[in-house]
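What follows is run-v4.txt (compact mmCIF, C-alpha atoms).
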```txt
# COMPACT_ATOMS: atom_id res chain seq x y z
CA ALA A 742 21.35 9.09 11.83
CA GLY A 743 20.12 6.92 14.67
CA THR A 744 20.62 3.20 14.65
CA ILE A 745 18.45 0.34 15.85
CA SER A 746 20.20 -2.06 18.21
CA LEU A 747 19.89 -5.78 17.47
CA PRO A 748 18.69 -7.94 20.38
CA LYS A 749 20.87 -10.92 21.30
CA ARG A 750 18.18 -13.50 20.64
CA LEU A 751 15.65 -13.14 17.87
CA SER A 752 12.82 -15.31 16.66
CA LEU A 753 12.26 -15.60 12.92
CA PHE A 754 9.48 -13.02 13.00
CA GLN A 755 11.52 -10.60 15.17
CA LEU A 756 14.44 -10.78 12.75
CA PHE A 757 12.01 -10.35 9.88
CA PHE A 758 10.47 -7.25 11.47
CA PHE A 759 13.88 -5.86 12.52
CA LEU A 760 15.15 -5.96 8.93
CA PHE A 761 12.07 -4.14 7.68
CA LEU A 762 12.16 -1.48 10.43
CA SER A 763 15.85 -0.78 9.84
CA TYR A 764 15.26 -0.48 6.11
CA ALA A 765 12.20 1.75 6.48
CA LYS A 766 13.91 4.05 8.95
CA SER A 767 17.01 4.57 6.81
CA GLN A 768 14.89 5.06 3.70
CA PHE A 769 12.71 7.58 5.48
CA GLN A 770 15.74 9.51 6.77
CA ILE A 771 17.17 9.76 3.26
CA LYS A 772 13.90 11.05 1.91
CA THR A 773 13.69 13.59 4.73
CA THR A 774 17.21 14.82 3.90
CA LYS A 775 16.23 15.33 0.28
CA ILE A 776 13.13 17.25 1.29
CA GLU A 777 15.23 19.55 3.48
CA ILE A 778 17.60 20.15 0.57
CA ILE A 779 14.67 21.13 -1.64
CA LYS A 780 13.39 23.40 1.12
CA ASN A 781 16.78 25.15 1.41
CA ARG A 782 16.98 25.62 -2.35
CA PHE A 783 13.51 27.09 -2.37
CA SER A 784 14.39 29.52 0.45
CA LYS A 785 17.39 30.82 -1.49
CA HIS A 786 15.28 31.20 -4.62
CA LYS A 787 12.57 33.04 -2.66
CA GLU A 788 15.12 35.51 -1.28
CA THR A 789 16.25 36.30 -4.82
CA LYS A 790 12.67 36.79 -5.95
CA MET A 791 11.92 39.12 -3.04
CA ASN A 792 14.78 41.39 -4.08
CA ASP A 793 13.07 41.95 -7.44
CA SER A 794 9.47 42.32 -6.34
CA GLN A 795 7.12 41.84 -3.40
CA VAL A 796 5.15 38.60 -3.38
CA ASN A 797 1.88 38.62 -1.49
CA SER A 798 1.42 36.23 1.44
CA GLU A 799 -1.03 33.96 -0.36
CA GLN A 800 1.43 33.31 -3.22
CA GLN A 801 4.21 32.60 -0.72
CA GLN A 802 2.06 29.98 1.00
CA GLN A 803 1.22 28.35 -2.33
CA GLN A 804 4.90 28.21 -3.27
CA GLN A 805 5.84 26.61 0.04
CA ASN A 806 3.10 24.02 -0.35
CA LEU A 807 4.57 23.00 -3.68
CA VAL A 808 7.88 21.94 -2.21
CA LYS A 809 7.35 21.37 1.49
CA PRO A 810 5.20 18.34 2.26
CA PRO A 811 5.15 18.52 6.09
CA ALA A 812 3.61 15.08 6.63
CA LYS A 813 6.62 13.39 5.08
CA ARG A 814 8.85 14.67 7.86
CA SER A 815 7.23 12.62 10.59
CA LEU A 816 8.80 9.23 11.28
CA GLY A 817 5.98 8.69 13.76
CA LEU A 818 3.47 9.00 10.92
CA LEU A 819 5.35 6.34 8.95
CA ILE A 820 5.35 3.94 11.91
CA ALA A 821 1.66 4.60 12.61
CA THR A 822 0.83 3.99 8.94
CA TYR A 823 2.62 0.65 8.91
CA GLY A 824 0.91 -0.29 12.18
CA CYS A 825 -2.49 0.35 10.58
CA LEU A 826 -1.40 -1.68 7.56
CA PHE A 827 -0.33 -4.53 9.85
CA VAL A 828 -3.68 -4.65 11.66
CA GLY A 829 -5.84 -3.95 8.62
CA SER A 830 -4.16 -6.47 6.31
CA ILE A 831 -4.26 -9.43 8.70
CA ALA A 832 -7.74 -8.71 10.09
CA SER A 833 -9.34 -8.08 6.69
CA SER A 834 -7.87 -11.27 5.22
CA LEU A 835 -9.15 -13.42 8.08
CA LEU A 836 -12.58 -11.73 8.18
CA ALA A 837 -13.01 -12.12 4.42
CA LYS A 838 -12.61 -15.87 4.88
CA TYR A 839 -14.80 -15.77 8.03
CA TYR A 840 -17.73 -14.59 5.90
CA PHE A 841 -17.52 -17.59 3.56
CA VAL A 842 -16.69 -20.17 6.25
CA HIS A 843 -19.89 -19.44 8.20
CA GLY A 844 -22.37 -19.56 5.35
CA GLY A 845 -21.83 -16.39 3.32
CA SER A 846 -21.81 -17.08 -0.41
CA SER A 847 -22.10 -13.78 -2.30
CA ARG A 848 -18.84 -12.67 -3.86
CA TRP A 849 -20.42 -9.30 -4.61
CA VAL A 850 -21.10 -8.76 -0.90
CA SER A 851 -17.48 -9.64 -0.17
CA THR A 852 -16.41 -7.18 -2.88
CA TRP A 853 -18.70 -4.43 -1.60
CA VAL A 854 -17.45 -4.50 2.00
CA GLN A 855 -13.87 -3.94 0.81
CA SER A 856 -14.66 -0.38 -0.28
CA ALA A 857 -17.99 0.58 1.33
CA GLY A 858 -16.21 2.10 4.32
CA PHE A 859 -14.97 5.10 2.31
CA PRO A 860 -17.04 7.60 4.41
CA LEU A 861 -14.74 6.73 7.34
CA LEU A 862 -11.96 8.57 5.49
CA LEU A 863 -13.87 11.82 6.06
CA PHE A 864 -12.72 11.66 9.69
CA LEU A 865 -9.08 11.60 8.58
CA ILE A 866 -9.73 14.46 6.17
CA TYR A 867 -11.78 16.83 8.35
CA LEU A 868 -10.64 16.15 11.94
CA PRO A 869 -7.03 17.46 11.60
CA PRO A 870 -7.92 20.98 10.35
CA TYR A 871 -11.20 21.58 12.22
CA VAL A 872 -10.89 19.62 15.48
CA PHE A 873 -7.19 19.04 16.23
CA LYS A 874 -6.04 22.24 14.47
CA THR A 875 -2.89 20.48 13.23
CA THR A 876 -3.01 22.22 9.83
CA THR A 877 -4.43 25.39 8.31
CA ARG A 878 -5.07 23.71 4.95
CA ARG A 879 -8.74 23.32 4.11
CA PRO A 880 -9.88 19.91 2.78
CA PHE A 881 -9.80 19.46 -1.00
CA THR A 882 -7.69 22.58 -1.51
CA ARG A 883 -6.04 22.32 -4.94
CA PHE A 884 -7.86 19.04 -5.60
CA THR A 885 -8.34 19.51 -9.35
CA ARG A 886 -10.63 17.92 -11.91
CA ARG A 887 -7.63 15.92 -13.14
CA HIS A 888 -7.13 14.51 -9.64
CA PHE A 889 -10.79 13.51 -9.46
CA ILE A 890 -10.96 11.84 -12.90
CA PHE A 891 -7.72 9.93 -12.45
CA SER A 892 -8.67 8.84 -8.92
CA PHE A 893 -12.08 7.65 -10.11
CA LEU A 894 -10.59 5.59 -12.95
CA ILE A 895 -8.07 3.95 -10.62
CA GLY A 896 -10.93 3.26 -8.21
CA LEU A 897 -12.86 1.34 -10.87
CA VAL A 898 -9.81 -0.84 -11.50
CA LEU A 899 -9.49 -1.30 -7.74
CA GLY A 900 -13.13 -2.40 -7.59
CA PHE A 901 -12.49 -5.11 -10.18
CA ASN A 902 -9.39 -6.13 -8.23
CA ASN A 903 -11.55 -6.52 -5.12
CA PHE A 904 -13.95 -8.74 -7.08
CA LEU A 905 -11.11 -11.03 -8.20
CA PHE A 906 -9.86 -11.19 -4.61
CA SER A 907 -13.33 -12.22 -3.43
CA TRP A 908 -13.45 -15.06 -5.96
CA GLY A 909 -10.05 -16.30 -4.83
CA THR A 910 -10.92 -16.06 -1.14
CA SER A 911 -14.20 -17.93 -1.59
CA TYR A 912 -12.43 -20.98 -3.04
CA LEU A 913 -8.94 -21.02 -1.53
CA PRO A 914 -7.64 -21.42 2.02
CA VAL A 915 -6.33 -18.17 3.55
CA SER A 916 -2.78 -19.51 3.63
CA THR A 917 -2.84 -20.46 -0.07
CA SER A 918 -4.34 -17.16 -1.25
CA SER A 919 -1.84 -15.23 0.88
CA LEU A 920 1.11 -17.04 -0.66
CA LEU A 921 -0.27 -16.48 -4.16
CA LEU A 922 -0.70 -12.77 -3.45
CA SER A 923 3.02 -12.63 -2.68
CA THR A 924 3.56 -12.72 -6.45
CA GLN A 925 2.28 -9.14 -6.60
CA LEU A 926 5.79 -8.04 -5.61
CA ILE A 927 7.09 -9.57 -8.85
CA PHE A 928 4.54 -7.66 -10.89
CA THR A 929 5.19 -4.50 -8.88
CA LEU A 930 8.90 -4.67 -9.69
CA ILE A 931 8.31 -5.21 -13.41
CA LEU A 932 5.69 -2.47 -13.69
CA SER A 933 7.81 -0.10 -11.58
CA VAL A 934 10.62 -0.53 -14.10
CA ILE A 935 8.22 0.53 -16.86
CA ILE A 936 6.20 3.23 -15.09
CA VAL A 937 8.57 4.87 -12.59
CA LYS A 938 11.93 3.68 -13.99
CA GLN A 939 12.80 1.37 -11.10
CA LYS A 940 16.35 0.01 -11.52
CA ILE A 941 16.80 -3.77 -11.48
CA THR A 942 19.45 -4.96 -9.03
CA PHE A 943 20.67 -8.33 -7.79
CA SER A 944 18.39 -8.15 -4.75
CA ASN A 945 15.41 -7.42 -7.04
CA LEU A 946 16.11 -10.42 -9.26
CA ASN A 947 16.84 -12.70 -6.31
CA CYS A 948 13.51 -11.78 -4.72
CA VAL A 949 11.62 -12.27 -8.00
CA ILE A 950 13.14 -15.71 -8.60
CA LEU A 951 12.46 -16.97 -5.07
CA LEU A 952 8.86 -15.71 -5.02
CA THR A 953 8.23 -17.22 -8.45
CA LEU A 954 9.51 -20.59 -7.25
CA SER A 955 7.27 -20.23 -4.20
CA SER A 956 4.19 -19.74 -6.39
CA VAL A 957 5.14 -22.59 -8.77
CA LEU A 958 5.60 -25.03 -5.88
CA LEU A 959 2.22 -24.03 -4.51
CA ALA A 960 0.58 -24.61 -7.89
CA LEU A 961 2.18 -28.05 -8.28
CA GLY A 962 0.90 -29.11 -4.87
CA SER A 963 -2.55 -27.60 -5.31
CA SER A 964 -4.38 -30.86 -5.98
CA GLN A 965 -3.74 -31.99 -2.40
CA ASP A 966 -4.80 -28.61 -0.96
CA LYS A 967 -8.39 -28.42 -2.20
CA PRO A 968 -11.03 -28.05 0.53
CA ALA A 969 -13.52 -30.91 0.78
CA GLY A 970 -16.29 -30.75 -1.82
CA LEU A 971 -14.52 -28.24 -4.06
CA THR A 972 -14.00 -29.27 -7.67
CA LYS A 973 -10.65 -28.96 -9.39
CA THR A 974 -12.11 -26.44 -11.85
CA LYS A 975 -13.36 -24.11 -9.13
CA TYR A 976 -10.08 -24.43 -7.27
CA PHE A 977 -8.09 -23.24 -10.27
CA ILE A 978 -10.61 -20.46 -10.90
CA GLY A 979 -9.79 -19.25 -7.40
CA PHE A 980 -6.09 -19.78 -8.10
CA LEU A 981 -6.14 -17.68 -11.29
CA SER A 982 -8.42 -15.03 -9.73
CA THR A 983 -5.94 -14.52 -6.90
CA ILE A 984 -3.04 -14.22 -9.34
CA GLY A 985 -5.09 -11.68 -11.32
CA ALA A 986 -5.81 -9.70 -8.16
CA GLY A 987 -2.09 -9.63 -7.41
CA LEU A 988 -1.34 -8.34 -10.92
CA LEU A 989 -3.91 -5.53 -10.73
CA PHE A 990 -2.76 -4.50 -7.26
CA ALA A 991 0.83 -4.48 -8.52
CA LEU A 992 -0.28 -2.10 -11.28
CA TYR A 993 -2.07 0.05 -8.71
CA LEU A 994 1.10 0.63 -6.65
CA PRO A 995 3.46 2.23 -9.24
CA VAL A 996 0.60 4.08 -10.95
CA THR A 997 -0.43 5.73 -7.68
CA GLU A 998 3.22 6.44 -6.86
CA ARG A 999 3.52 8.38 -10.11
CA PHE A 1000 0.19 10.09 -9.49
CA TYR A 1001 1.20 11.10 -5.95
CA ARG A 1002 3.96 13.27 -7.41
CA SER A 1003 1.21 15.84 -7.92
CA VAL A 1004 0.06 15.46 -4.29
CA TYR A 1005 1.81 17.56 -1.65
CA CYS A 1006 0.44 16.43 1.74
CA TYR A 1007 -0.83 13.34 3.57
CA ALA A 1008 -4.35 14.77 3.87
CA MET A 1009 -4.54 15.07 0.09
CA VAL A 1010 -3.60 11.38 -0.18
CA MET A 1011 -6.66 10.54 1.91
CA GLU A 1012 -8.79 12.74 -0.37
CA VAL A 1013 -7.54 10.82 -3.41
CA GLN A 1014 -8.20 7.56 -1.56
CA LEU A 1015 -11.75 8.70 -0.76
CA VAL A 1016 -12.53 9.14 -4.47
CA MET A 1017 -10.89 5.80 -5.33
CA GLU A 1018 -12.91 3.90 -2.74
CA PHE A 1019 -16.08 5.71 -3.80
CA ALA A 1020 -15.51 4.55 -7.40
CA ALA A 1021 -14.80 0.99 -6.24
CA THR A 1022 -18.03 1.07 -4.22
CA VAL A 1023 -19.97 2.25 -7.28
CA PHE A 1024 -18.56 -0.72 -9.22
CA ALA A 1025 -19.51 -3.18 -6.44
CA THR A 1026 -22.95 -1.62 -5.89
CA ILE A 1027 -23.85 -1.94 -9.58
CA GLY A 1028 -22.75 -5.58 -9.51
CA MET A 1029 -24.79 -6.25 -6.37
CA ALA A 1030 -27.87 -4.57 -7.85
CA PHE A 1031 -27.78 -6.72 -10.99
CA ASP A 1032 -26.97 -9.90 -9.06
CA GLY A 1033 -29.51 -9.35 -6.27
CA GLY A 1034 -26.76 -8.94 -3.70
CA PHE A 1035 -28.68 -6.64 -1.33
CA LYS A 1036 -31.58 -9.08 -1.03
CA GLU A 1037 -29.06 -11.86 -0.53
CA MET A 1038 -27.47 -9.94 2.36
CA VAL A 1039 -30.81 -9.86 4.19
CA LYS A 1040 -31.43 -13.54 3.46
CA GLU A 1041 -27.96 -14.54 4.66
CA ALA A 1042 -28.31 -12.51 7.85
CA ASN A 1043 -31.71 -13.98 8.78
CA HIS A 1044 -31.48 -17.59 7.62
CA VAL A 1045 -28.07 -18.66 6.30
CA PHE A 1046 -25.22 -17.26 8.37
CA THR A 1047 -24.37 -19.82 11.04
CA LYS A 1048 -23.27 -17.30 13.69
CA GLY A 1049 -26.57 -15.44 13.76
CA LEU A 1050 -28.00 -12.08 12.75
CA THR A 1051 -26.02 -9.89 15.17
CA VAL A 1052 -22.63 -11.39 14.35
CA TYR A 1053 -23.38 -11.13 10.63
CA TRP A 1054 -23.98 -7.37 10.67
CA THR A 1055 -21.39 -6.46 13.30
CA VAL A 1056 -18.45 -8.75 12.47
CA ALA A 1057 -18.91 -10.10 8.95
CA ILE A 1058 -20.06 -6.74 7.56
CA PHE A 1059 -19.25 -3.71 9.76
CA VAL A 1060 -15.90 -4.80 11.25
CA ASN A 1061 -14.91 -6.18 7.86
CA VAL A 1062 -15.67 -2.79 6.28
CA VAL A 1063 -13.53 -0.98 8.86
CA THR A 1064 -10.52 -3.30 8.56
CA TRP A 1065 -10.52 -3.14 4.75
CA GLN A 1066 -10.61 0.64 4.83
CA LEU A 1067 -7.76 0.65 7.33
CA CYS A 1068 -5.74 -1.61 5.04
CA PHE A 1069 -6.26 0.40 1.85
CA ALA A 1070 -5.78 3.81 3.48
CA ALA A 1071 -2.53 2.64 5.10
CA THR A 1072 -1.31 1.20 1.79
CA SER A 1073 -1.83 4.56 0.08
CA GLY A 1074 -0.05 6.28 2.94
CA MET A 1075 2.94 3.94 2.63
CA VAL A 1076 3.20 4.58 -1.12
CA TYR A 1077 3.12 8.34 -0.52
CA LEU A 1078 5.60 8.34 2.36
CA THR A 1079 8.03 5.93 0.67
CA SER A 1080 7.42 4.41 -2.80
CA GLY A 1081 5.28 1.90 -4.67
CA ILE A 1082 7.86 -0.89 -4.42
CA THR A 1083 8.13 -0.27 -0.67
CA GLY A 1084 4.35 -0.53 -0.38
CA GLY A 1085 4.54 -3.89 -2.14
CA ILE A 1086 7.32 -5.00 0.19
CA CYS A 1087 5.25 -4.04 3.23
CA MET A 1088 2.31 -6.08 1.96
CA THR A 1089 4.57 -9.06 1.30
CA ALA A 1090 6.04 -8.74 4.79
CA LEU A 1091 2.58 -9.37 6.22
CA LEU A 1092 1.71 -12.37 4.05
CA ALA A 1093 3.66 -14.76 6.27
CA MET A 1094 1.53 -13.58 9.19
CA ASN A 1095 -1.62 -14.16 7.10
CA VAL A 1096 -0.47 -17.71 6.37
CA ILE A 1097 0.08 -18.35 10.08
CA GLY A 1098 -3.27 -16.73 10.87
CA GLY A 1099 -5.05 -19.04 8.40
CA VAL A 1100 -3.45 -22.09 9.99
CA VAL A 1101 -4.23 -20.98 13.56
CA VAL A 1102 -7.76 -19.62 13.07
CA TYR A 1103 -9.18 -21.88 10.35
CA GLY A 1104 -6.98 -24.95 10.61
CA ASP A 1105 -5.64 -24.68 7.05
CA GLU A 1106 -3.28 -27.48 6.10
CA PHE A 1107 0.39 -26.59 6.32
CA GLY A 1108 2.17 -29.51 4.69
CA GLY A 1109 5.65 -29.88 3.27
CA VAL A 1110 5.07 -28.05 -0.03
CA LYS A 1111 3.46 -25.08 1.69
CA ILE A 1112 6.25 -24.95 4.29
CA VAL A 1113 8.90 -24.82 1.56
CA SER A 1114 6.86 -22.23 -0.31
CA THR A 1115 6.57 -20.07 2.82
CA VAL A 1116 10.31 -20.35 3.53
CA LEU A 1117 11.10 -19.25 -0.04
CA CYS A 1118 8.69 -16.34 0.33
CA ILE A 1119 10.30 -15.17 3.59
CA TRP A 1120 13.81 -15.81 2.24
CA GLY A 1121 13.16 -13.77 -0.89
CA PHE A 1122 11.63 -10.89 1.05
CA SER A 1123 14.31 -10.86 3.75
CA SER A 1124 17.19 -10.91 1.26
CA TYR A 1125 15.54 -8.10 -0.68
CA VAL A 1126 15.06 -5.95 2.42
CA TYR A 1127 18.61 -6.60 3.59
CA GLY A 1128 20.05 -5.72 0.18
CA ILE A 1129 18.08 -2.48 0.08
CA TYR A 1130 19.08 -1.68 3.67
CA VAL A 1131 22.78 -2.00 2.82
CA LYS A 1132 22.32 0.25 -0.20
CA MET A 1133 20.43 2.77 1.89
CA LYS A 1134 23.32 3.04 4.32
CA LYS A 1135 25.79 3.53 1.46
CA GLU A 1136 23.53 6.11 -0.17
CA GLU A 1137 23.07 7.93 3.12
CA LYS A 1138 26.83 8.09 3.64
CA ARG A 1139 27.43 9.30 0.08
CA GLU A 1140 24.77 12.00 0.35
CA LYS A 1141 26.17 13.19 3.65
CA GLU A 1142 29.64 13.51 2.13
CA GLU A 1143 28.33 15.35 -0.92
CA LYS A 1144 26.27 17.66 1.26
CA GLU A 1145 29.35 18.56 3.30
CA LYS A 1146 31.20 19.31 0.04
CA GLY A 1147 28.35 21.52 -1.18
CA GLY A 1148 26.84 19.07 -3.66
CA TYR A 1149 23.29 18.68 -4.96
CA SER A 1150 23.50 21.39 -7.61
CA GLY A 1151 20.22 20.96 -9.41
CA VAL A 1152 20.63 17.34 -10.44
CA LYS A 1153 18.31 14.36 -10.24
CA THR A 1154 19.28 11.98 -7.47
CA THR A 1155 18.14 8.38 -7.87
CA GLU A 1156 18.15 5.73 -5.19
CA GLU A 1157 18.70 2.41 -6.98
CA GLY A 1158 17.10 0.11 -4.42
CA GLY A 1159 14.01 1.92 -3.23
CA GLU A 1160 12.88 3.96 -6.24
CA MET A 1161 13.28 7.40 -4.67
CA GLU A 1162 13.63 10.21 -7.19
CA VAL A 1163 13.82 13.92 -6.41
CA GLU A 1164 14.13 16.30 -9.31
CA MET A 1165 16.00 19.21 -7.79
CA GLY A 1166 15.76 21.36 -10.90
CA LYS A 1167 11.95 21.12 -10.79
CA VAL A 1168 11.82 23.54 -7.83
CA LYS A 1169 12.28 26.58 -10.04
CA ASP A 1170 9.58 25.37 -12.42
CA ASP A 1171 7.13 24.87 -9.54
CA VAL A 1172 7.82 28.34 -8.13
CA ALA A 1173 7.56 29.94 -11.56
CA ALA A 1174 4.23 28.20 -12.16
CA ALA A 1175 2.90 29.50 -8.84
CA ASP A 1176 4.04 33.03 -9.69
CA GLU A 1177 2.33 32.81 -13.07
CA ARG A 1178 -0.93 31.73 -11.45
```

Can you give me the file's structure in the form of C-alpha cells?
Amino acid sequence: AGTISLPKRLSLFQLFFFLFLSYAKSQFQIKTTKIEIIKNRFSKHKETKMNDSQVNSEQQQQQQNLVKPPAKRSLGLLIATYGCLFVGSIASSLLAKYYFVHGGSSRWVSTWVQSAGFPLLLFLIYLPPYVFKTTTRRPFTRFTRRHFIFSFLIGLVLGFNNFLFSWGTSYLPVSTSSLLLSTQLIFTLILSVIIVKQKITFSNLNCVILLTLSSVLLALGSSQDKPAGLTKTKYFIGFLSTIGAGLLFALYLPVTERFYRSVYCYAMVMEVQLVMEFAATVFATIGMAFDGGFKEMVKEANHVFTKGLTVYWTVAIFVNVVTWQLCFAATSGMVYLTSGITGGICMTALLAMNVIGGVVVYGDEFGGVKIVSTVLCIWGFSSYVYGIYVKMKKEEKREKEEKEKGGYSGVKTTEEGGEMEVEMGKVKDDVAAADER
C-alpha cells in the first residue's frame, strides 16, 4: 500500500487534514482488498456452477452486480466526494446564516432550501449512463418498493432535522452552532453501537469525553455569547434545537449505513438520496404552505432583504440550494464508500473550519471559553483519527499476512475502529437468490 509523506513543517490545519487523509486512504484500501476477496470467491463459485449447468448472460450480470460494487474501487471517487463535502458543508453553513443576517426571518424558507435542490441529483443519476457512457446500468434498476418506502421515511426525518437546524442557525452564531453540532459524533458512536454493532475502543471513548466537555463548556459560557437583542429563552431554544439536529443527524448516519448494505453501486446511492430529499422537501413545503412561507419569500425579496432582490434569489436561495444539495449528496457518498461513523468524523473535521468561517465572515466572538472548546473539539477528533489510523495499519498488515497464508475462509471480518463488516459467507446466499429469481 502507498504511503503519504509528512511535510517537515505543518500548520494545525495541515496536520489535521493529513491525519484524516492518511486514515481515509488506509481505510479505503482495506475495504478494496475485502471487495477483491469477495470477487475472487464469487468467481470460484461461478466456475463450479457453470460445470453443473449453463447460466444465461443476464443472470450472470445480476450475480456480479450483487457482489461487485465498482464505484467502491475508485480512490479518486472517495477524494472527490470528500472535496464536495468540504465545499458544501462550509458554504451551506455560512449561507444559511447569511440569509438571517441580511433580513431573512422565515425558518421554513431556510428549511426548504436545504432539500429543494433534489432535482439536481438527476444529473448525477442520468449523465453517467447516457452521456458519459461510464456504466451500462440503467437508472433505478433494482430500486424496489422497499427502497422507496424506507428512503421516503428517512427523508421525512431529515426534513424535521433541517427544521431544527434552521431554528438553531437563526438564533446562534455560526461558530457556536458548529461547535454544538460536533456532539453529533457522540450520538453517532452510541447509535452505531446499537444499530451496526460498532465496537467501543479507547479512541472512541476519548473522543466522546473531549467533545462532551467541549459542548458543556460552550453551554456554561453561553450567557456571554448571545447576540444583541436576543433573549435568553430564544438563545437556549436555538441551543437545544441545534443539539436535537445533531442527534437526528447522528441517527441518520448509522441507519443509512445499514440500509446501504442493500445498495450495490454509487449511482443507486444518489437514487436513494433523491427520494430522501424529495420527502424532506414535501415536509418543508407543507410547513411553508401552512405558515405562509411562499408569500413571505416574495415579501422578503422585494422589501425586507437588505442586499436587494437579485442577491436574494441568486445567493440566499439558489446558491444556498446548490450548496446544501452538494453537502447532503457527499455525506451519503461518504457513508456508502466508508461507514456511518466515518461520515460523522468527516463532518466533525469540517466544524473547525466552520467556526473559523463564522469568525472571519460574520465577526462572531471567539473568546477564551470558545477557544478552549474548539481546542477540545480538534483534540478529540485528531486523537480519534490517529487511533483509527494506527489500527488500520495493523489490520492491513494482519489481513495481508492471512491472505498470503490462504485465509478468509467464509468468516466475518470486523474492523474494530472504523465499523467495516464484510460477511464472506453471504456471497453464496446472494448468488443462490439470484439463481432462484

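Considering all atoms listed in the file, the residue among A:Leu922, A:Leu862, A:Leu981, A:Val1076 positioned nearest to Val996 of chain A is A:Val1076.
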
Report as a count of residues only all protein, DNA and RNA residues lying within 10 Å of Val1113 of chain A, evaluated on only C-alpha atoms, omitting residues in the same chain fewer than 6 positions from it. 6

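Restricting the calculation to all atoms listed in the file, the smallest distance between Ile950 of chain A and any of A:Glu1137, A:Gly1104, A:Tyr1125, A:Leu835 is found for A:Tyr1125.
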
Near segment 844-860 of chain A, within 6 Å and counting only C-alpha atoms, which residues show up once chain neighbours fewer than 2 positions away are dropped, as a ChimeraX atom specification? /A:840-842,862-863,903-904,907,1015,1018,1022,1025,1029,1045-1046,1062,1065-1066

Polymer residues at most 10 Å from His888 of chain A, only C-alpha atoms, same-chain spacing of 4 or more positions, as a ChimeraX atom specification: /A:883-884,892-893,1000-1001,1003-1004,1012-1013,1016

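Neighbours of Tyr976 of chain A closer than or equal to 7 Å, with all atoms listed in the file counted and sequence neighbours fewer than 4 positions away skipped, come out as Tyr912, Leu913, Lys967, Leu971, Thr972 and Phe980 of chain A.
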
Measuring atom to atom with only C-alpha atoms, identify which of A:Tyr993, A:Tyr839, A:Tyr1005, A:Phe1019 is nearest to Tyr1077 of chain A. A:Tyr1005

Need the shell around segment 936-948 of chain A: protein/DNA/RNA residues with any atom at most 12 Å away, counting all atoms listed in the file. Skip same-chain ones fewer than 2 positions apart. Format as number ranges by chain? A: 923-934, 950-955, 991-1002, 1080-1083, 1086, 1089, 1117-1132, 1155-1162

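Reported to one decimal place, the separation of atom CA of Val828 of chain A from atom CA of Met1038 of chain A is 26.1 Å.
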
To one decimal place in Å, what is the distance between atom CA of Ile935 of chain A and atom CA of Phe990 of chain A? 15.4 Å

Looking at A:Gly896, A:Gly1074, A:Gly909, A:Gly1099, which one is nearest to Cys1087 of chain A, with distances taken over all atoms listed in the file? A:Gly1074

Coordinates-based distance that separates atom CA of Leu868 of chain A from atom CA of Pro880 of chain A (Å, one decimal): 9.9 Å

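Using all atoms listed in the file, the smallest distance between any of A:Ala1021, A:Leu894, A:Leu819, A:Ala832 and Leu1067 of chain A comes from A:Ala832.
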